[in-house]
$ cat entry_8.tsv   # TSV, C-alpha atoms
chain	number	residue	atom	x	y	z
A	1	MET	CA	-20.17	-37.35	18.90
A	2	SER	CA	-19.86	-34.32	21.08
A	3	GLU	CA	-20.85	-30.94	19.80
A	4	THR	CA	-17.90	-28.57	19.43
A	5	LYS	CA	-18.47	-24.90	19.91
A	6	GLN	CA	-16.47	-22.52	17.74
A	7	ASP	CA	-14.14	-20.51	19.97
A	8	ARG	CA	-14.12	-16.78	19.41
A	9	VAL	CA	-11.87	-13.91	20.42
A	10	TYR	CA	-13.30	-10.68	21.80
A	11	CYS	CA	-11.75	-7.55	20.31
A	12	PRO	CA	-11.82	-4.54	22.68
A	13	VAL	CA	-11.60	-2.09	19.77
A	14	CYS	CA	-14.48	-3.12	17.51
A	15	LEU	CA	-16.26	-4.99	20.32
A	16	ALA	CA	-16.88	-7.95	18.04
A	17	ARG	CA	-15.91	-11.62	18.39
A	18	PHE	CA	-13.91	-13.20	15.61
A	19	LYS	CA	-13.08	-16.84	14.99
A	20	PHE	CA	-10.26	-18.44	16.92
A	21	ALA	CA	-7.87	-20.06	14.42
A	22	PRO	CA	-6.13	-23.41	14.91
A	23	GLY	CA	-2.65	-23.06	16.37
A	24	TRP	CA	-3.39	-19.92	18.36
A	25	LYS	CA	-2.62	-19.98	22.09
A	26	ALA	CA	-2.33	-17.61	25.02
A	27	GLY	CA	0.21	-14.94	24.13
A	28	SER	CA	-0.27	-15.32	20.37
A	29	VAL	CA	-0.19	-12.01	18.52
A	30	VAL	CA	-3.02	-11.73	16.02
A	31	ILE	CA	-4.69	-9.06	13.88
A	32	CYS	CA	-8.41	-8.55	14.38
A	33	PRO	CA	-9.89	-9.38	10.94
A	34	ILE	CA	-12.70	-6.87	11.53
A	35	CYS	CA	-10.87	-3.68	12.57
A	36	GLY	CA	-7.16	-4.39	12.00
A	37	GLN	CA	-6.13	-4.03	15.65
A	38	ARG	CA	-3.08	-6.05	16.76
A	39	LEU	CA	-4.01	-8.14	19.79
A	40	VAL	CA	-2.30	-10.45	22.27
A	41	LEU	CA	-4.53	-13.40	23.13
A	42	ARG	CA	-5.50	-14.11	26.70
A	43	GLN	CA	-7.80	-16.80	28.04
A	44	THR	CA	-10.36	-15.81	30.64
A	45	PRO	CA	-13.17	-17.80	32.31
A	46	GLU	CA	-15.54	-16.06	29.86
A	47	GLY	CA	-13.47	-17.00	26.82
A	48	TRP	CA	-10.65	-15.61	24.71
A	49	VAL	CA	-9.97	-11.89	24.71
A	50	GLY	CA	-7.44	-9.81	22.85
A	51	ASP	CA	-5.37	-7.25	24.72
A	52	ARG	CA	-4.06	-4.10	23.09
A	53	PRO	CA	-0.27	-4.37	23.59
A	54	GLU	CA	0.40	-0.73	22.75
A	55	LYS	CA	-2.84	0.80	23.89
A	56	GLY	CA	-3.17	4.47	23.13
A	57	THR	CA	0.16	4.93	21.38
A	58	GLU	CA	0.73	6.56	18.02
A	59	ARG	CA	2.22	3.28	16.82
A	60	GLU	CA	-1.00	1.46	17.72
A	61	ILE	CA	-3.31	3.69	15.70
A	62	ARG	CA	-0.94	3.90	12.74
A	63	GLU	CA	-0.64	0.14	12.60
A	64	ARG	CA	-4.39	-0.40	13.07
A	65	VAL	CA	-5.44	1.89	10.23
A	66	GLU	CA	-2.81	0.44	7.88
A	67	GLU	CA	-3.96	-3.09	8.68
A	68	TYR	CA	-7.60	-2.14	8.25
A	69	ALA	CA	-6.96	-0.48	4.89
A	70	LYS	CA	-5.03	-3.58	3.80
A	71	LEU	CA	-7.80	-5.91	4.95
A	72	LYS	CA	-10.45	-3.98	3.05
A	73	GLY	CA	-8.43	-2.82	0.07
A	74	TYR	CA	-8.97	0.85	0.94
A	75	VAL	CA	-6.51	3.66	0.30
A	76	PHE	CA	-5.62	6.99	1.91
A	77	ASN	CA	-5.25	10.42	0.35
A	78	ASP	CA	-3.33	13.59	1.18
A	79	MET	CA	-5.47	14.14	4.31
A	80	LYS	CA	-3.97	11.05	5.93
A	81	GLU	CA	-1.44	12.70	8.23
A	82	GLU	CA	-3.86	15.44	9.26
A	83	VAL	CA	-6.51	12.84	10.18
A	84	ILE	CA	-3.92	10.88	12.17
A	85	GLN	CA	-3.05	14.05	14.07
A	86	GLY	CA	-6.79	14.44	14.75
A	87	LEU	CA	-6.98	10.87	16.04
A	88	LEU	CA	-4.02	11.55	18.33
A	89	GLY	CA	-5.80	14.69	19.54
A	90	LYS	CA	-8.90	12.64	20.36
A	91	ARG	CA	-6.79	10.15	22.29
A	92	LYS	CA	-5.13	12.94	24.26
A	93	ARG	CA	-8.29	14.90	25.03
A	94	PHE	CA	-10.99	12.25	25.10
A	95	GLY	CA	-9.24	8.99	25.99
A	96	ASP	CA	-9.14	6.96	22.79
A	97	PHE	CA	-8.90	7.08	19.01
A	98	TYR	CA	-12.41	8.31	18.18
A	99	CYS	CA	-13.41	9.76	14.79
A	100	PRO	CA	-11.72	13.19	14.70
A	101	CYS	CA	-14.64	14.70	12.76
A	102	ARG	CA	-17.33	13.60	15.16
A	103	MET	CA	-18.40	15.17	18.41
A	104	GLN	CA	-19.32	11.90	20.12
A	105	HIS	CA	-16.73	9.92	22.04
A	106	VAL	CA	-18.35	6.51	22.26
A	107	PRO	CA	-16.97	3.00	21.57
A	108	GLU	CA	-18.78	2.64	18.23
A	109	TYR	CA	-16.84	5.63	16.92
A	110	GLN	CA	-13.46	4.14	17.70
A	111	CYS	CA	-11.50	4.24	14.41
A	112	PRO	CA	-12.30	2.40	12.14
A	113	CYS	CA	-15.81	3.33	13.31
A	114	LYS	CA	-18.88	1.11	13.17
A	115	PRO	CA	-20.44	2.86	10.15
A	116	THR	CA	-17.14	2.37	8.30
A	117	ARG	CA	-17.04	-1.28	9.25
A	118	GLY	CA	-20.68	-1.44	8.17
A	119	GLY	CA	-19.87	-0.49	4.59
A	120	ASP	CA	-19.86	3.33	4.40
A	121	VAL	CA	-16.68	3.35	2.29
A	122	ASP	CA	-18.03	0.87	-0.24
A	123	ARG	CA	-21.29	2.81	-0.45
A	124	ASP	CA	-20.09	6.44	-0.28
A	125	GLY	CA	-16.55	6.07	-1.60
A	126	LYS	CA	-15.07	7.26	1.70
A	127	CYS	CA	-15.60	7.13	5.45
A	128	TYR	CA	-17.20	9.95	7.44
A	129	CYS	CA	-13.84	11.63	8.10
A	130	GLY	CA	-12.55	11.17	4.54
A	131	PHE	CA	-9.76	8.95	5.87
A	132	PHE	CA	-10.41	5.56	4.24
A	133	TRP	CA	-11.21	5.70	0.53
A	134	LYS	CA	-12.48	3.16	-1.92
A	135	LYS	CA	-9.84	2.34	-4.53
A	136	GLY	CA	-10.27	3.75	-8.01
B	1	MET	CA	-18.65	32.63	12.66
B	2	VAL	CA	-16.88	29.27	12.47
B	3	TYR	CA	-18.09	26.23	14.43
B	4	ALA	CA	-15.33	23.63	14.54
B	5	LEU	CA	-13.90	20.62	16.34
B	6	SER	CA	-10.36	20.88	17.69
B	7	THR	CA	-9.40	17.53	16.15
B	8	CYS	CA	-11.06	17.91	12.74
B	9	PRO	CA	-8.53	18.40	9.90
B	10	TYR	CA	-11.09	20.04	7.59
B	11	CYS	CA	-11.89	22.60	10.29
B	12	LYS	CA	-8.18	23.36	10.50
B	13	ARG	CA	-7.99	23.82	6.74
B	14	THR	CA	-10.95	26.20	6.80
B	15	LYS	CA	-9.40	28.28	9.60
B	16	ARG	CA	-6.07	28.29	7.77
B	17	PHE	CA	-7.79	29.45	4.59
B	18	LEU	CA	-9.51	32.31	6.41
B	19	ASP	CA	-6.27	33.27	8.19
B	20	GLU	CA	-4.34	33.25	4.93
B	21	HIS	CA	-6.89	35.61	3.45
B	22	LYS	CA	-6.73	37.83	6.53
B	23	ILE	CA	-10.40	37.35	7.27
B	24	HIS	CA	-11.31	38.25	10.82
B	25	TYR	CA	-13.73	35.74	12.30
B	26	ASP	CA	-15.10	34.42	15.56
B	27	HIS	CA	-14.74	30.72	16.12
B	28	VAL	CA	-15.57	28.08	18.64
B	29	ASP	CA	-14.16	24.56	19.03
B	30	VAL	CA	-17.34	22.87	20.16
B	31	ASP	CA	-15.56	19.82	21.60
B	32	MET	CA	-13.53	22.01	23.94
B	33	LEU	CA	-16.57	23.63	25.58
B	34	ASP	CA	-18.11	22.62	28.90
B	35	ASP	CA	-21.03	20.22	28.45
B	36	ASP	CA	-23.77	22.86	28.71
B	37	LYS	CA	-22.06	25.24	26.33
B	38	ALA	CA	-21.28	22.38	23.94
B	39	ASP	CA	-24.95	21.33	23.92
B	40	GLU	CA	-25.92	24.92	23.17
B	41	ALA	CA	-23.45	25.15	20.29
B	42	LEU	CA	-24.51	21.76	18.90
B	43	GLU	CA	-28.15	22.88	18.96
B	44	LYS	CA	-27.17	25.96	16.98
B	45	VAL	CA	-25.24	23.87	14.47
B	46	GLU	CA	-28.16	21.49	14.07
B	47	LYS	CA	-30.60	24.36	13.62
B	48	LEU	CA	-28.34	25.90	10.97
B	49	THR	CA	-27.47	22.74	9.06
B	50	GLY	CA	-29.85	19.97	10.10
B	51	ARG	CA	-26.92	17.83	11.24
B	52	GLN	CA	-23.82	17.78	13.40
B	53	SER	CA	-21.11	18.06	10.79
B	54	PHE	CA	-18.05	20.31	10.96
B	55	PRO	CA	-16.80	22.87	10.11
B	56	VAL	CA	-19.80	25.17	9.82
B	57	VAL	CA	-19.05	28.67	8.54
B	58	VAL	CA	-21.73	31.33	8.81
B	59	ILE	CA	-21.23	34.34	6.55
B	60	GLY	CA	-24.31	36.55	6.64
B	61	PRO	CA	-27.19	34.46	5.33
B	62	GLU	CA	-24.80	31.85	3.94
B	63	VAL	CA	-24.14	28.64	5.87
B	64	ILE	CA	-21.26	26.51	4.57
B	65	VAL	CA	-20.83	22.98	5.90
B	66	GLY	CA	-17.47	21.30	5.37
B	67	HIS	CA	-14.26	22.75	4.01
B	68	ASP	CA	-15.32	24.32	0.71
B	69	GLU	CA	-12.89	26.95	-0.59
B	70	GLU	CA	-14.98	27.74	-3.62
B	71	ARG	CA	-18.04	28.59	-1.55
B	72	LEU	CA	-15.92	30.50	0.95
B	73	ARG	CA	-14.40	32.60	-1.86
B	74	LYS	CA	-17.82	33.32	-3.29
B	75	ALA	CA	-19.41	34.25	0.03
B	76	LEU	CA	-16.45	36.42	1.03
B	77	LYS	CA	-16.00	37.87	-2.47
B	78	ILE	CA	-12.27	37.08	-2.53
$ encode --input "entry_8.tsv" --output "structure tokens"
Amino acid sequence: MSETKQDRVYCPVCLARFKFAPGWKAGSVVICPICGQRLVLRQTPEGWVGDRPEKGTEREIRERVEEYAKLKGYVFNDMKEEVIQGLLGKRKRFGDFYCPCRMQHVPEYQCPCKPTRGGDVDRDGKCYCGFFWKKG
Amino acid sequence: MVYALSTCPYCKRTKRFLDEHKIHYDHVDVDMLDDDKADEALEKVEKLTGRQSFPVVVIGPEVIVGHDEERLRKALKI
């Protein structure tokens, strides 16, 4: 019996690789189960990658944060729109949707940032920017 | 003195609060400075607060980190 290797998809937002599900093919539109980004699958010699179909648009970040909150069961509060405006400001001035309350513009602080994905909300009740909140 | 980030919603709320109360203040958006100036400002913020969190409001000896209207009122006696 030959050994089968689990295919994975590289997400350019959270920089992680998630499991390739049966039935997916090139051009499939999927949601990254780690960060909520919508991706279009593409096969490369190095493996599957997800492309950001609406890279840098307001629609992209709005959809991503909604999907992420849904995936994790987090909620927003009355700061939501102001934080989104901050994210749009980061995109405009610094190239991508980095945490609006941080000074650093590095991939690990792409929203939802690495500390958030690492459990900050579950531990502290909210993320660094007070955007994602634990329910209840 | 207010140290802020141009994209930070809490910094905006703090500035709005001060404006609404007609408080005159100096402020700097650290993320909008040239690299050298930004490093200088970040060093100051770290020295004042021990971290790089915004906004930072300096009122005399008082250093307020984050948007905190109660502390602002107290420090400004308003």
$ interface_residues --input "entry_8.tsv" --of "chain B" --to "chain A" --cutoff "8 Å" --atoms "only C-alpha atoms" --output "PyMOL selection string"
chain B and resi 5-9+30-31+52-54
$ atom_distance --input "entry_8.tsv" --atom1 "atom CA of Gly56 of chain A" --atom2 "atom CA of Asp96 of chain A"
6.5 Å
$ residues_around --input "entry_8.tsv" --residues "Ile78 of chain B" --least-positions-apart "3" --cutoff "12 Å" --atoms "all atoms listed in the file" --output "short mmCIF file (atom, residue, chain, number, x, y, z; two decimals) with C-alpha atoms, in the coordinates of the input"
data_model
loop_
_atom_site.label_atom_id
_atom_site.label_comp_id
_atom_site.auth_asym_id
_atom_site.auth_seq_id
_atom_site.Cartn_x
_atom_site.Cartn_y
_atom_site.Cartn_z
CA PHE B 17 -7.79 29.45 4.59
CA LEU B 18 -9.51 32.31 6.41
CA GLU B 20 -4.34 33.25 4.93
CA HIS B 21 -6.89 35.61 3.45
CA LYS B 22 -6.73 37.83 6.53
CA ILE B 23 -10.40 37.35 7.27
CA GLU B 69 -12.89 26.95 -0.59
CA GLU B 70 -14.98 27.74 -3.62
CA ARG B 71 -18.04 28.59 -1.55
CA LEU B 72 -15.92 30.50 0.95
CA ARG B 73 -14.40 32.60 -1.86
CA LYS B 74 -17.82 33.32 -3.29
CA ALA B 75 -19.41 34.25 0.03
#
$ atom_distance --input "entry_8.tsv" --atom1 "atom CA of Lys92 of chain A" --atom2 "atom CA of Arg59 of chain A"
14.2 Å
$ atom_distance --input "entry_8.tsv" --atom1 "atom CA of Cys35 of chain A" --atom2 "atom CA of Val65 of chain A"
8.1 Å
$ residues_around --input "entry_8.tsv" --residues "Val56 of chain B" --least-positions-apart "3" --cutoff "6 Å" --atoms "only C-alpha atoms" --output "ChimeraX atom specification"
/B:2-3,64-65
$ closest_residue --input "entry_8.tsv" --among "A:Asp78, A:Cys111, A:Gly50, A:Asp124" --to "Glu66 of chain A" --atoms "only C-alpha atoms"
A:Cys111
$ closest_residue --input "entry_8.tsv" --among "A:Asp7, A:Phe97, A:Lys114, A:Glu67" --to "Glu46 of chain A" --atoms "all atoms listed in the file"
A:Asp7
